[in-house]
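Student: Below is the file model12.txt, which contains compact mmCIF, C-alpha atoms.
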```
# COMPACT_ATOMS: atom_id res chain seq x y z
CA MET A 1 0.00 0.00 0.00
CA ARG A 2 2.82 2.37 0.89
CA ARG A 3 4.59 1.49 -2.36
CA ALA A 4 1.45 2.34 -4.32
CA ASN A 5 1.12 5.71 -2.59
CA LYS A 6 4.76 6.48 -3.25
CA ALA A 7 4.32 5.59 -6.92
CA PHE A 8 1.23 7.78 -7.11
CA ALA A 9 3.09 10.70 -5.50
CA ALA A 10 5.98 10.26 -7.90
CA ASP A 11 3.60 10.36 -10.85
CA ARG A 12 2.11 13.60 -9.59
CA LYS A 13 5.55 15.21 -9.39
CA LYS A 14 6.30 14.33 -13.00
CA PRO A 15 5.99 17.28 -15.44
CA ARG A 16 2.97 17.32 -17.74
CA PRO A 17 3.61 16.17 -21.27
CA LEU A 18 4.32 18.80 -23.95
CA LYS A 19 1.38 17.55 -25.98
CA SER A 20 -1.14 19.20 -23.62
CA LYS A 21 0.69 22.53 -23.90
CA VAL A 22 0.61 22.36 -27.69
CA VAL A 23 -3.13 21.63 -27.60
CA LEU A 24 -3.75 24.64 -25.35
CA MET A 25 -1.67 26.95 -27.55
CA THR A 26 -3.50 25.72 -30.64
CA ARG A 27 -6.84 26.35 -28.97
CA ASN A 28 -5.80 29.87 -27.94
CA ARG A 29 -4.63 30.65 -31.45
CA SER A 30 -7.86 29.26 -32.84
CA LEU A 31 -9.88 31.44 -30.48
CA THR A 32 -7.80 34.50 -31.43
CA MET A 33 -8.30 33.84 -35.14
CA ASN A 34 -12.02 33.30 -34.62
CA ASP A 35 -12.30 36.60 -32.74
CA GLY A 36 -10.42 38.40 -35.52
CA LEU A 37 -12.64 36.84 -38.18
CA LYS A 38 -15.72 37.83 -36.21
CA ARG A 39 -14.47 41.43 -35.98
CA VAL A 40 -13.88 41.55 -39.73
CA LEU A 41 -17.28 40.07 -40.55
CA PHE A 42 -18.90 42.44 -38.06
CA ALA A 43 -17.15 45.51 -39.53
CA LEU A 44 -17.69 44.68 -43.22
CA PRO A 45 -21.36 45.79 -43.42
CA THR A 46 -20.74 48.94 -41.35
CA PRO A 47 -20.18 51.34 -44.32
CA PHE A 48 -23.24 49.92 -46.08
CA LEU A 49 -25.39 50.29 -42.97
CA LEU A 50 -24.15 53.84 -42.37
CA GLY A 51 -24.97 54.79 -45.97
CA LEU A 52 -28.38 53.17 -45.64
CA VAL A 53 -29.14 55.08 -42.45
CA TRP A 54 -27.71 58.36 -43.81
CA PHE A 55 -29.76 58.39 -47.01
CA TYR A 56 -32.91 56.39 -46.23
CA VAL A 57 -33.85 56.96 -42.59
CA PRO A 58 -36.10 60.07 -42.28
CA ALA A 59 -34.42 63.03 -40.63
CA SER A 60 -34.61 66.82 -40.41
CA THR A 61 -31.88 69.41 -40.96
CA HIS A 62 -31.73 72.92 -39.50
CA TYR A 63 -29.42 75.59 -40.89
CA HIS A 64 -28.80 79.26 -40.20
CA ILE A 65 -27.63 81.49 -43.05
CA GLU A 66 -26.41 85.06 -42.67
CA GLU A 67 -25.49 87.21 -45.68
CA THR A 68 -23.65 90.52 -45.34
CA TYR A 69 -23.30 93.19 -48.06
CA SER A 70 -20.74 95.93 -47.40
CA PHE A 71 -20.71 99.19 -49.40
CA GLN A 72 -17.61 101.36 -49.61
CA SER A 73 -16.77 104.55 -51.46
CA THR A 74 -13.31 106.05 -51.88
CA GLU A 75 -14.41 109.26 -53.61
CA ASN A 76 -17.93 110.62 -53.23
CA ASP A 77 -21.02 110.41 -51.12
CA ALA A 78 -23.54 108.11 -52.78
CA GLN A 79 -27.11 106.92 -52.88
CA VAL A 80 -27.13 103.14 -53.05
CA ARG A 81 -29.73 100.50 -53.91
CA LEU A 82 -29.59 96.84 -52.98
CA ALA A 83 -32.09 94.07 -53.85
CA ILE A 84 -31.66 90.62 -52.25
CA MET A 85 -33.65 87.53 -53.26
CA LEU A 86 -34.65 85.18 -50.41
CA PRO A 87 -36.32 81.74 -50.52
CA LYS A 88 -39.79 81.05 -49.16
CA SER A 89 -41.23 78.05 -47.36
CA GLY A 90 -42.22 75.23 -49.72
CA PRO A 91 -43.02 71.51 -49.92
CA TYR A 92 -39.62 70.42 -48.60
CA GLN A 93 -38.40 73.47 -46.65
CA ASP A 94 -39.51 75.88 -43.96
CA ILE A 95 -38.02 79.40 -43.78
CA ASP A 96 -38.27 81.18 -40.46
CA SER A 97 -36.75 83.89 -38.22
CA LEU A 98 -35.91 86.36 -40.97
CA ALA A 99 -33.85 89.23 -39.52
CA VAL A 100 -32.75 92.33 -41.45
CA SER A 101 -30.25 95.02 -40.45
CA TRP A 102 -29.80 98.23 -42.47
CA GLU A 103 -29.47 101.93 -41.70
CA GLY A 104 -31.83 103.26 -44.33
CA ASP A 105 -35.12 102.46 -46.04
CA GLU A 106 -36.29 98.88 -46.50
CA THR A 107 -39.19 97.31 -48.41
CA ARG A 108 -40.17 93.68 -48.95
CA GLU A 109 -41.91 92.30 -52.02
CA SER A 110 -43.37 88.86 -52.70
CA HIS A 111 -42.60 87.29 -56.06
CA GLY A 112 -44.15 83.83 -56.20
CA SER A 113 -41.70 81.35 -54.69
CA VAL A 114 -39.29 84.06 -53.43
CA ASP A 115 -39.23 87.33 -51.52
CA VAL A 116 -37.18 90.34 -52.57
CA VAL A 117 -35.88 92.71 -49.92
CA LYS A 118 -34.96 96.18 -51.24
CA PHE A 119 -32.67 98.61 -49.44
CA THR A 120 -32.01 102.26 -50.25
CA GLY A 121 -29.80 104.65 -48.36
CA HIS A 122 -27.19 107.40 -48.42
CA PHE A 123 -23.69 107.05 -47.04
CA VAL A 124 -20.65 109.24 -46.71
CA ALA A 125 -17.45 108.65 -48.68
CA LYS A 126 -14.68 106.65 -46.98
CA HIS A 127 -17.21 105.10 -44.63
CA LYS A 128 -18.76 101.65 -44.72
CA LYS A 129 -22.46 100.86 -44.93
CA VAL A 130 -23.57 97.30 -44.24
CA ALA A 131 -26.79 95.37 -44.96
CA THR A 132 -27.38 92.02 -43.28
CA VAL A 133 -30.07 89.40 -43.81
CA ALA A 134 -30.29 86.23 -41.71
CA TYR A 135 -32.79 83.39 -41.67
CA ASP A 136 -33.27 79.81 -40.49
CA ILE A 137 -34.01 76.84 -42.74
CA VAL A 138 -35.56 73.54 -41.70
CA MET A 139 -35.60 70.81 -44.34
CA ARG A 140 -36.75 67.22 -44.31
CA GLN A 141 -34.96 64.15 -45.62
CA GLY A 142 -37.06 61.38 -47.04
CA GLY A 143 -39.94 60.95 -49.41
CA VAL A 144 -41.62 64.26 -50.27
CA ARG A 145 -44.89 64.49 -52.20
CA TRP A 146 -47.36 67.36 -52.55
CA GLU A 147 -50.40 68.43 -54.54
CA ALA A 148 -50.28 71.33 -57.00
CA PRO A 149 -52.16 72.23 -60.19
CA VAL A 150 -50.54 71.52 -63.57
CA GLU A 151 -49.80 74.62 -65.63
CA ASP A 152 -49.52 74.72 -69.43
CA SER A 153 -45.93 75.96 -69.21
CA GLN A 154 -44.96 72.73 -67.44
CA LEU A 155 -45.75 70.77 -70.61
CA GLN A 156 -44.44 73.21 -73.23
CA PRO A 157 -40.94 73.80 -74.65
CA GLN A 158 -38.95 76.85 -73.54
CA GLU A 159 -35.42 78.22 -73.80
CA GLY A 160 -32.98 75.44 -72.96
CA ILE A 161 -35.81 72.85 -72.72
CA GLU A 162 -36.38 71.77 -76.34
CA SER A 163 -39.09 69.21 -75.62
CA ASP A 164 -40.51 69.55 -79.16
CA HIS A 165 -37.26 68.78 -80.98
CA PRO A 166 -37.44 65.53 -83.02
CA LEU A 167 -34.40 64.03 -81.26
CA ILE A 168 -35.87 64.69 -77.82
CA VAL A 169 -39.31 63.44 -78.86
CA GLU A 170 -37.86 60.24 -80.32
CA ALA A 171 -35.72 59.61 -77.24
CA ALA A 172 -38.70 60.13 -74.93
CA SER A 173 -40.85 57.71 -76.94
CA GLN A 174 -38.18 55.03 -76.60
CA ILE A 175 -37.77 55.54 -72.85
CA ALA A 176 -41.33 56.18 -71.63
CA GLU A 177 -44.46 54.38 -72.73
CA LYS A 178 -46.99 56.40 -70.74
CA PRO A 179 -46.99 59.43 -68.40
CA ASP A 180 -46.75 57.73 -65.02
CA ARG A 181 -44.27 57.61 -62.14
CA ASN A 182 -42.48 54.47 -63.33
CA ASN A 183 -41.73 56.06 -66.69
CA ALA A 184 -40.65 59.29 -64.97
CA PHE A 185 -38.12 57.17 -63.10
CA ARG A 186 -36.92 55.62 -66.38
CA ILE A 187 -36.35 59.12 -67.79
CA PHE A 188 -34.57 60.13 -64.59
CA LYS A 189 -32.30 57.08 -64.72
CA PHE A 190 -31.55 57.64 -68.41
CA THR A 191 -30.59 61.26 -67.78
CA ALA A 192 -28.36 60.34 -64.83
CA THR A 193 -26.41 57.84 -66.93
CA HIS A 194 -26.48 59.61 -70.32
CA ILE A 195 -24.65 62.84 -69.37
CA SER A 196 -21.02 62.75 -68.31
CA SER A 197 -19.04 65.48 -66.56
CA TRP A 198 -18.65 69.00 -67.95
CA ARG A 199 -15.73 69.39 -70.36
CA GLY A 200 -16.31 72.84 -71.88
CA GLU A 201 -15.53 76.41 -70.91
CA VAL A 202 -17.11 77.71 -67.72
CA SER A 203 -18.39 81.28 -67.90
CA THR A 204 -18.69 83.30 -64.70
CA ASN A 205 -20.08 86.46 -66.37
CA GLY A 206 -22.71 84.84 -68.60
CA SER A 207 -20.81 85.42 -71.87
CA ASN A 208 -20.84 81.72 -72.79
CA PRO A 209 -24.35 80.93 -74.09
CA GLU A 210 -23.90 77.17 -73.57
CA VAL A 211 -23.37 77.72 -69.86
CA ARG A 212 -25.99 80.46 -69.58
CA ILE A 213 -28.77 78.59 -71.43
CA GLN A 214 -27.67 75.02 -70.59
CA SER A 215 -29.53 73.48 -73.53
CA ALA A 216 -31.16 70.09 -73.03
CA LEU A 217 -30.69 69.30 -76.73
CA LYS A 218 -26.99 70.15 -76.60
CA ALA A 219 -26.56 68.00 -73.50
CA TYR A 220 -28.36 65.09 -75.18
CA GLN A 221 -26.16 65.33 -78.28
CA THR A 222 -22.79 65.84 -76.56
CA ARG A 223 -23.48 63.88 -73.35
CA ASN A 224 -21.68 66.66 -71.43
CA GLY A 225 -23.11 69.02 -68.86
CA VAL A 226 -23.42 70.40 -65.36
CA CYS A 227 -26.39 70.17 -63.02
CA GLY A 228 -28.43 72.62 -65.14
CA HIS A 229 -28.00 70.43 -68.22
CA PHE A 230 -29.13 67.37 -66.24
CA SER A 231 -32.27 69.10 -64.97
CA ASN A 232 -33.13 70.65 -68.35
CA LEU A 233 -32.70 67.33 -70.20
CA MET A 234 -34.85 65.40 -67.74
CA THR A 235 -37.47 68.17 -67.90
CA ALA A 236 -37.45 68.14 -71.72
CA LEU A 237 -37.82 64.35 -71.88
CA CYS A 238 -40.61 64.39 -69.30
CA ARG A 239 -42.53 67.06 -71.19
CA ALA A 240 -42.04 65.18 -74.45
CA ALA A 241 -43.60 62.16 -72.69
CA ASP A 242 -46.54 64.31 -71.42
CA ILE A 243 -45.25 64.29 -67.84
CA PRO A 244 -45.53 67.82 -66.37
CA SER A 245 -42.21 68.97 -65.00
CA GLN A 246 -40.04 72.00 -64.31
CA SER A 247 -36.35 72.71 -63.86
CA MET A 248 -35.65 74.15 -60.42
CA THR A 249 -32.81 76.24 -59.02
CA GLY A 250 -31.52 76.81 -55.51
CA LEU A 251 -28.66 75.98 -53.19
CA SER A 252 -27.04 72.66 -52.36
CA ILE A 253 -25.99 72.82 -48.72
CA PRO A 254 -23.03 70.60 -47.78
CA SER A 255 -23.27 68.02 -45.01
CA HIS A 256 -21.38 68.95 -41.85
CA PRO A 257 -21.72 67.97 -38.17
CA PRO A 258 -24.18 69.95 -36.01
CA LEU A 259 -22.92 73.19 -34.46
CA TRP A 260 -20.43 73.48 -37.32
CA SER A 261 -20.21 76.84 -39.09
CA THR A 262 -18.15 78.49 -41.77
CA THR A 263 -17.76 82.01 -43.10
CA SER A 264 -16.90 82.37 -46.76
CA GLY A 265 -14.52 84.86 -48.30
CA PRO A 266 -15.74 87.84 -50.33
CA TRP A 267 -17.89 86.77 -53.29
CA GLN A 268 -17.78 83.15 -52.12
CA HIS A 269 -20.59 81.16 -50.49
CA PRO A 270 -20.51 78.07 -48.21
CA ALA A 271 -23.33 76.53 -50.29
CA GLY A 272 -23.33 75.99 -54.04
CA THR A 273 -25.74 76.85 -56.84
CA HIS A 274 -27.65 73.76 -57.91
CA SER A 275 -30.46 72.61 -60.23
CA TRP A 276 -32.88 69.69 -60.04
CA VAL A 277 -36.34 68.68 -61.29
CA GLU A 278 -39.89 68.66 -59.99
CA PHE A 279 -42.34 66.40 -61.84
CA GLY A 280 -46.02 65.57 -61.50
CA THR A 281 -47.92 62.32 -61.96
CA SER A 282 -51.25 60.91 -60.82
CA GLU A 283 -49.55 60.24 -57.46
CA GLY A 284 -48.69 63.93 -56.95
CA TRP A 285 -45.67 66.20 -57.38
CA GLU A 286 -42.19 65.01 -56.42
CA MET A 287 -38.56 66.04 -56.85
CA ALA A 288 -35.58 64.33 -58.50
CA ASP A 289 -31.89 65.17 -58.82
CA PRO A 290 -30.35 63.38 -61.85
CA SER A 291 -26.97 65.13 -61.56
CA ALA A 292 -26.49 63.88 -57.99
CA ALA A 293 -27.65 60.40 -59.04
CA SER A 294 -25.02 60.31 -61.78
CA LYS A 295 -22.35 60.05 -59.07
CA MET A 296 -24.10 57.31 -57.09
CA PRO A 297 -24.43 53.58 -57.83
CA VAL A 298 -27.94 53.53 -56.33
CA LYS A 299 -30.01 55.95 -58.41
CA ASN A 300 -33.35 55.85 -56.59
CA VAL A 301 -31.86 57.63 -53.57
CA TRP A 302 -32.31 60.88 -55.53
CA PHE A 303 -35.75 60.13 -57.02
CA GLY A 304 -38.89 61.21 -55.17
CA ARG A 305 -36.83 62.14 -52.12
CA ASN A 306 -35.09 65.15 -50.59
CA ASP A 307 -31.68 64.68 -48.99
CA GLY A 308 -32.20 67.52 -46.51
CA GLY A 309 -29.81 69.82 -48.36
CA HIS A 310 -31.76 71.20 -51.37
CA LEU A 311 -32.79 74.79 -50.64
CA CYS A 312 -35.27 75.73 -53.38
CA TYR A 313 -35.76 79.22 -54.83
CA GLY A 314 -38.07 78.27 -57.68
CA GLU A 315 -38.42 77.44 -61.36
CA ARG A 316 -35.31 78.52 -63.25
CA SER A 317 -36.86 80.78 -65.91
CA PHE A 318 -39.07 82.48 -63.32
CA ILE A 319 -36.11 83.15 -61.00
CA LYS A 320 -34.19 84.53 -63.97
CA ALA A 321 -37.05 86.95 -64.71
CA VAL A 322 -37.13 88.12 -61.08
CA SER A 323 -33.36 88.69 -61.21
CA MET A 324 -33.77 90.89 -64.30
CA LYS A 325 -36.38 93.00 -62.48
CA MET A 326 -34.00 93.38 -59.54
CA ARG A 327 -31.25 94.44 -61.94
CA SER A 328 -33.41 97.12 -63.55
CA TRP A 329 -34.46 98.49 -60.17
CA ALA A 330 -30.87 98.58 -58.85
CA LYS A 331 -29.77 100.70 -61.86
CA THR A 332 -32.44 103.33 -61.28
CA ASP A 333 -30.82 106.80 -61.11
CA GLY A 334 -27.37 105.26 -61.37
CA LYS A 335 -25.49 102.20 -62.54
CA LEU A 336 -25.03 98.59 -61.52
CA ILE A 337 -21.99 98.10 -59.28
CA GLY A 338 -22.41 94.39 -58.50
CA GLY A 339 -24.73 91.42 -58.75
CA MET A 340 -25.00 87.63 -58.85
CA THR A 341 -27.67 85.13 -59.83
CA GLY A 342 -26.15 82.32 -57.74
CA PRO A 343 -25.20 81.32 -55.15
CA TYR A 344 -25.70 84.91 -53.94
CA ARG A 345 -28.82 86.39 -55.52
CA PHE A 346 -28.58 90.16 -55.36
CA MET A 347 -28.24 93.30 -57.45
CA ALA A 348 -26.62 96.54 -56.22
CA GLY A 349 -26.42 100.00 -57.79
CA ALA A 350 -25.17 103.49 -56.96
CA ASP A 351 -25.45 107.01 -58.39
CA ALA A 352 -21.75 107.85 -57.99
CA ASN A 353 -18.39 106.54 -59.15
CA GLY A 354 -15.96 104.73 -56.88
CA VAL A 355 -18.65 102.77 -55.00
CA SER A 356 -18.17 99.03 -54.47
CA VAL A 357 -20.13 96.24 -52.81
CA ARG A 358 -18.75 93.07 -51.22
CA PRO A 359 -20.96 90.10 -50.27
CA GLU A 360 -20.02 87.54 -47.61
CA ALA A 361 -21.97 84.66 -46.09
CA MET A 362 -21.97 82.51 -42.97
CA LEU A 363 -23.56 79.07 -42.78
CA LYS A 364 -24.17 77.31 -39.46
CA VAL A 365 -25.48 73.78 -39.01
CA VAL A 366 -27.87 74.01 -36.07
CA TRP A 367 -29.05 70.41 -36.30
CA ASP A 368 -28.64 67.51 -38.72
CA GLY A 369 -30.66 64.42 -37.91
CA ARG A 370 -28.60 62.33 -40.32
CA TRP A 371 -25.61 62.56 -37.99
CA PHE A 372 -27.82 61.64 -35.04
CA ASN A 373 -29.16 58.58 -36.89
CA SER A 374 -25.60 57.51 -37.74
CA PHE A 375 -24.54 57.92 -34.09
CA ILE A 376 -27.46 55.76 -32.93
CA LEU A 377 -26.49 53.05 -35.42
CA ILE A 378 -22.86 53.02 -34.24
CA LEU A 379 -24.01 52.91 -30.62
CA LEU A 380 -26.30 49.92 -31.32
CA MET A 381 -23.50 48.10 -33.13
CA LEU A 382 -21.12 48.64 -30.19
CA ILE A 383 -23.78 47.33 -27.80
CA ALA A 384 -24.33 44.30 -30.03
CA TRP A 385 -20.58 43.55 -30.07
CA TYR A 386 -19.55 44.28 -26.49
CA GLY A 387 -22.87 43.64 -24.71
CA PRO A 388 -22.67 39.81 -24.54
CA LYS A 389 -19.03 39.93 -23.40
CA LEU A 390 -19.81 42.40 -20.63
CA TRP A 391 -22.78 40.30 -19.56
CA ARG A 392 -20.62 37.16 -19.31
CA LYS A 393 -17.99 39.01 -17.28
CA LEU A 394 -20.69 40.34 -15.00
CA LYS A 395 -22.04 36.85 -14.38
CA GLN A 396 -18.54 35.48 -13.70
CA SER A 397 -17.85 38.27 -11.20
CA ASN A 398 -21.03 37.38 -9.31
CA PRO A 399 -20.96 33.56 -8.87
CA THR A 400 -23.72 33.58 -6.23
CA GLU A 401 -26.30 34.72 -8.74
CA ALA A 402 -24.93 32.30 -11.33
CA GLN A 403 -25.26 29.38 -8.83
CA HIS A 404 -28.75 30.56 -7.92
CA GLU A 405 -29.75 30.55 -11.58
CA ASP A 406 -28.27 27.07 -12.00
CA SER A 407 -30.18 25.78 -8.95
CA ASN A 408 -33.45 27.12 -10.35
CA ARG A 409 -33.03 25.33 -13.66
CA PRO A 410 -35.23 22.19 -14.03
CA ARG A 411 -33.31 18.97 -13.72
```
Taking this structure as input, can you express it in the form of structure tokens?
Tutor:
Amino acid sequence: MRRANKAFAADRKKPRPLKSKVVLMTRNRSLTMNDGLKRVLFALPTPFLLGLVWFYVPASTHYHIEETYSFQSTENDAQVRLAIMLPKSGPYQDIDSLAVSWEGDETRESHGSVDVVKFTGHFVAKHKKVATVAYDIVMRQGGVRWEAPVEDSQLQPQEGIESDHPLIVEAASQIAEKPDRNNAFRIFKFTATHISSWRGEVSTNGSNPEVRIQSALKAYQTRNGVCGHFSNLMTALCRAADIPSQSMTGLSIPSHPPLWSTTSGPWQHPAGTHSWVEFGTSEGWEMADPSAASKMPVKNVWFGRNDGGHLCYGERSFIKAVSMKMRSWAKTDGKLIGGMTGPYRFMAGADANGVSVRPEAMLKVVWDGRWFNSFILILLMLIAWYGPKLWRKLKQSNPTEAQHEDSNRPR
């Protein structure tokens, strides 16, 4: 008996075989590789999910825009005139909290989809006179649809929208079979893929008629264009297919985190001039942006939906007519000293030489629900990844509860 105990004790003192160590190391490596594979598989769909949440989950955006116009004169006292075009509330935007600052006379006029604020005043040479307009914008991301009557002009050709040209008519007949929403989408998709990037001369003063008019026919033939060519071509094809539509103009506001703001330099603007399309079917009026869709693999993101960054002024030819009226008024009793039709929309005049005007703008992101939705998604993914591990650690750190749970299980 003693010999047996001694033999047993001697066996216990012997070192463990190397084979068990190798097995343990292999298991640890296997677990490490499995964890790494799980992390990779878990992270792979993250960009897709973030894009899905960013573009498809409904959200609201809130911006604050402040525009400043500074007059200076190096020679003479002057009487100045300034007309500024401002957007109104519409189907996919709400304009609120308009504030105006100006030491002089001010009038406000309503012109359809926009307001025009007019300033007049006298200032002394070598001094500065400043006009400021500020307003808040709330826009919605997601499907937007509204009711509005169809006007004859929304089915007829016009400058830059050659919907009666044989080439446009033939193309529309091949794309769309009847005037419904599905065929409007086919026209939208065709436009987004047919036109490539702009390759011609860009005119900043309107001297290049191809840039100024942005012909739908020219864009169809050359397959080149900017956002205005996209919107005019889609509008022309829709009208040729008896789908009422109109080419819109406004601002495209960039996406930035909430509480972010930027001030542009003189004659620059934080937002950019942009054009898109509104079309009407039996289901109501909707919007589409073929130029934005041309850069995206998924086209329907920009069809029948607003991305929360399209600030609309109105139909392009109408806004152009309002700008011409502003120009004529600004030149009354003097000459035009400055003006823009986008992204700033103003006209300024003075009755003396040596007077200049300088526009500047500030854009502030008050709230952007798209960032909030993305944050919630990331938070849920972190909870899904770390939650089970934390729960297991919590149970291991409290064995009493674990034993209690085990004792309550049916045997």
Student: Using Å and a single decimal, report how far atom CA of A:Tyr56 sits from atom CA of A:Val301.
Tutor: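 Atom CA of A:Tyr56 lies 7.5 Å from atom CA of A:Val301.
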Student: How many Å separate atom CA of A:Leu49 from atom CA of A:Ser294?
Tutor: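 A separation of 21.3 Å between them.
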Student: Taking all atoms listed in the file into account, name the residue in A:Phe188, A:Trp302, A:Phe123, A:Trp285 that is nearest to A:Asp77.
Tutor: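 Closest residue, counting all atoms listed in the file: A:Phe123.
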Student: Using only C-alpha atoms, which of A:Ser275, A:Asn398, A:Gln268, A:Thr263 sits nearest A:Ser247?
Tutor: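 With only C-alpha atoms as the atom set, the closest residue is A:Ser275.
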Student: List the neighbours of A:Ala271 out to 8 Å using only C-alpha atoms; skip same-chain residues closer than 4 positions along the sequence, and give me the result as a ChimeraX atom specification.
Tutor: /A:251-254,343,363
Student: Restricting the calculation to all atoms listed in the file: of A:Thr191, A:Thr132, A:Thr74, A:Thr341, which residue gets closest to A:Leu237?
Tutor: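 Of the candidates, the smallest distance to A:Leu237 is held by A:Thr191.
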Student: Kindly provide the residues of stretch 105-198 of chain A that approach stretch 313-334 of chain A to within 9 Å, each paired with its closest atom pair and their distance in Å to one decimal, based on all atoms listed in the file, listed by chain and increasing number, as a tab-separated table.
Tutor:
```
residue	atom	partner	partner_atom	distance
A:His111	CA	A:Val322	CA	7.5
A:Gly112	CA	A:Gly314	CA	8.4
A:Ser113	CA	A:Gly314	CA	5.6
A:Val114	CA	A:Tyr313	CA	6.2
A:Val116	CA	A:Met326	CA	8.2
A:Lys118	CA	A:Met326	CA	8.8
A:Gln158	CA	A:Ser317	CA	8.8
A:Glu159	CA	A:Ser317	CA	8.4
```
Student: What lies within 12 Å of A:Ala125 using all atoms listed in the file, ignoring chain neighbours under 2 positions off, as a PyMOL selection string?
Tutor: chain A and resi 71-80+122-123+127-129+352-356
Student: Output stretch 331-348 of chain A with N, CA and C atoms present, as a PDB file, keeping the file's coordinate frame.
Tutor:
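Output below, filename rebuild.pdb:
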```pdb
ATOM      1  N   LYS A 331     -30.412  99.708 -60.984  1.00  0.00           N
ATOM      2  CA  LYS A 331     -29.770 100.700 -61.860  1.00  0.00           C
ATOM      3  C   LYS A 331     -30.522 102.019 -61.922  1.00  0.00           C
ATOM      4  N   THR A 332     -31.659 102.097 -61.249  1.00  0.00           N
ATOM      5  CA  THR A 332     -32.440 103.330 -61.280  1.00  0.00           C
ATOM      6  C   THR A 332     -31.618 104.500 -60.737  1.00  0.00           C
ATOM      7  N   ASP A 333     -31.564 105.585 -61.497  1.00  0.00           N
ATOM      8  CA  ASP A 333     -30.820 106.800 -61.110  1.00  0.00           C
ATOM      9  C   ASP A 333     -29.333 106.522 -60.889  1.00  0.00           C
ATOM     10  N   GLY A 334     -28.797 105.537 -61.540  1.00  0.00           N
ATOM     11  CA  GLY A 334     -27.370 105.260 -61.370  1.00  0.00           C
ATOM     12  C   GLY A 334     -26.932 104.125 -62.265  1.00  0.00           C
ATOM     13  N   LYS A 335     -26.004 103.323 -61.780  1.00  0.00           N
ATOM     14  CA  LYS A 335     -25.490 102.200 -62.540  1.00  0.00           C
ATOM     15  C   LYS A 335     -25.322 100.997 -61.633  1.00  0.00           C
ATOM     16  N   LEU A 336     -25.220  99.828 -62.268  1.00  0.00           N
ATOM     17  CA  LEU A 336     -25.030  98.590 -61.520  1.00  0.00           C
ATOM     18  C   LEU A 336     -23.572  98.487 -61.076  1.00  0.00           C
ATOM     19  N   ILE A 337     -23.366  98.225 -59.798  1.00  0.00           N
ATOM     20  CA  ILE A 337     -21.990  98.100 -59.280  1.00  0.00           C
ATOM     21  C   ILE A 337     -21.670  96.667 -58.862  1.00  0.00           C
ATOM     22  N   GLY A 338     -22.655  95.779 -58.859  1.00  0.00           N
ATOM     23  CA  GLY A 338     -22.410  94.390 -58.500  1.00  0.00           C
ATOM     24  C   GLY A 338     -23.691  93.581 -58.524  1.00  0.00           C
ATOM     25  N   GLY A 339     -23.553  92.287 -58.743  1.00  0.00           N
ATOM     26  CA  GLY A 339     -24.730  91.420 -58.750  1.00  0.00           C
ATOM     27  C   GLY A 339     -24.348  89.990 -59.044  1.00  0.00           C
ATOM     28  N   MET A 340     -25.176  89.064 -58.597  1.00  0.00           N
ATOM     29  CA  MET A 340     -25.000  87.630 -58.850  1.00  0.00           C
ATOM     30  C   MET A 340     -26.372  86.989 -58.935  1.00  0.00           C
ATOM     31  N   THR A 341     -26.441  85.912 -59.741  1.00  0.00           N
ATOM     32  CA  THR A 341     -27.670  85.130 -59.830  1.00  0.00           C
ATOM     33  C   THR A 341     -27.498  83.757 -59.177  1.00  0.00           C
ATOM     34  N   GLY A 342     -26.397  83.538 -58.489  1.00  0.00           N
ATOM     35  CA  GLY A 342     -26.150  82.320 -57.740  1.00  0.00           C
ATOM     36  C   GLY A 342     -24.670  82.143 -57.459  1.00  0.00           C
ATOM     37  N   PRO A 343     -24.312  81.666 -56.264  1.00  0.00           N
ATOM     38  CA  PRO A 343     -25.200  81.320 -55.150  1.00  0.00           C
ATOM     39  C   PRO A 343     -25.789  82.528 -54.418  1.00  0.00           C
ATOM     40  N   TYR A 344     -25.041  83.688 -54.401  1.00  0.00           N
ATOM     41  CA  TYR A 344     -25.700  84.910 -53.940  1.00  0.00           C
ATOM     42  C   TYR A 344     -26.715  85.316 -54.999  1.00  0.00           C
ATOM     43  N   ARG A 345     -27.815  85.900 -54.572  1.00  0.00           N
ATOM     44  CA  ARG A 345     -28.820  86.390 -55.520  1.00  0.00           C
ATOM     45  C   ARG A 345     -29.161  87.822 -55.115  1.00  0.00           C
ATOM     46  N   PHE A 346     -28.409  88.753 -55.695  1.00  0.00           N
ATOM     47  CA  PHE A 346     -28.580  90.160 -55.360  1.00  0.00           C
ATOM     48  C   PHE A 346     -28.181  91.019 -56.535  1.00  0.00           C
ATOM     49  N   MET A 347     -28.637  92.268 -56.493  1.00  0.00           N
ATOM     50  CA  MET A 347     -28.240  93.300 -57.450  1.00  0.00           C
ATOM     51  C   MET A 347     -28.044  94.592 -56.673  1.00  0.00           C
ATOM     52  N   ALA A 348     -26.939  95.311 -56.944  1.00  0.00           N
ATOM     53  CA  ALA A 348     -26.620  96.540 -56.220  1.00  0.00           C
ATOM     54  C   ALA A 348     -26.256  97.633 -57.215  1.00  0.00           C
TER      55      ALA A 348
END
```
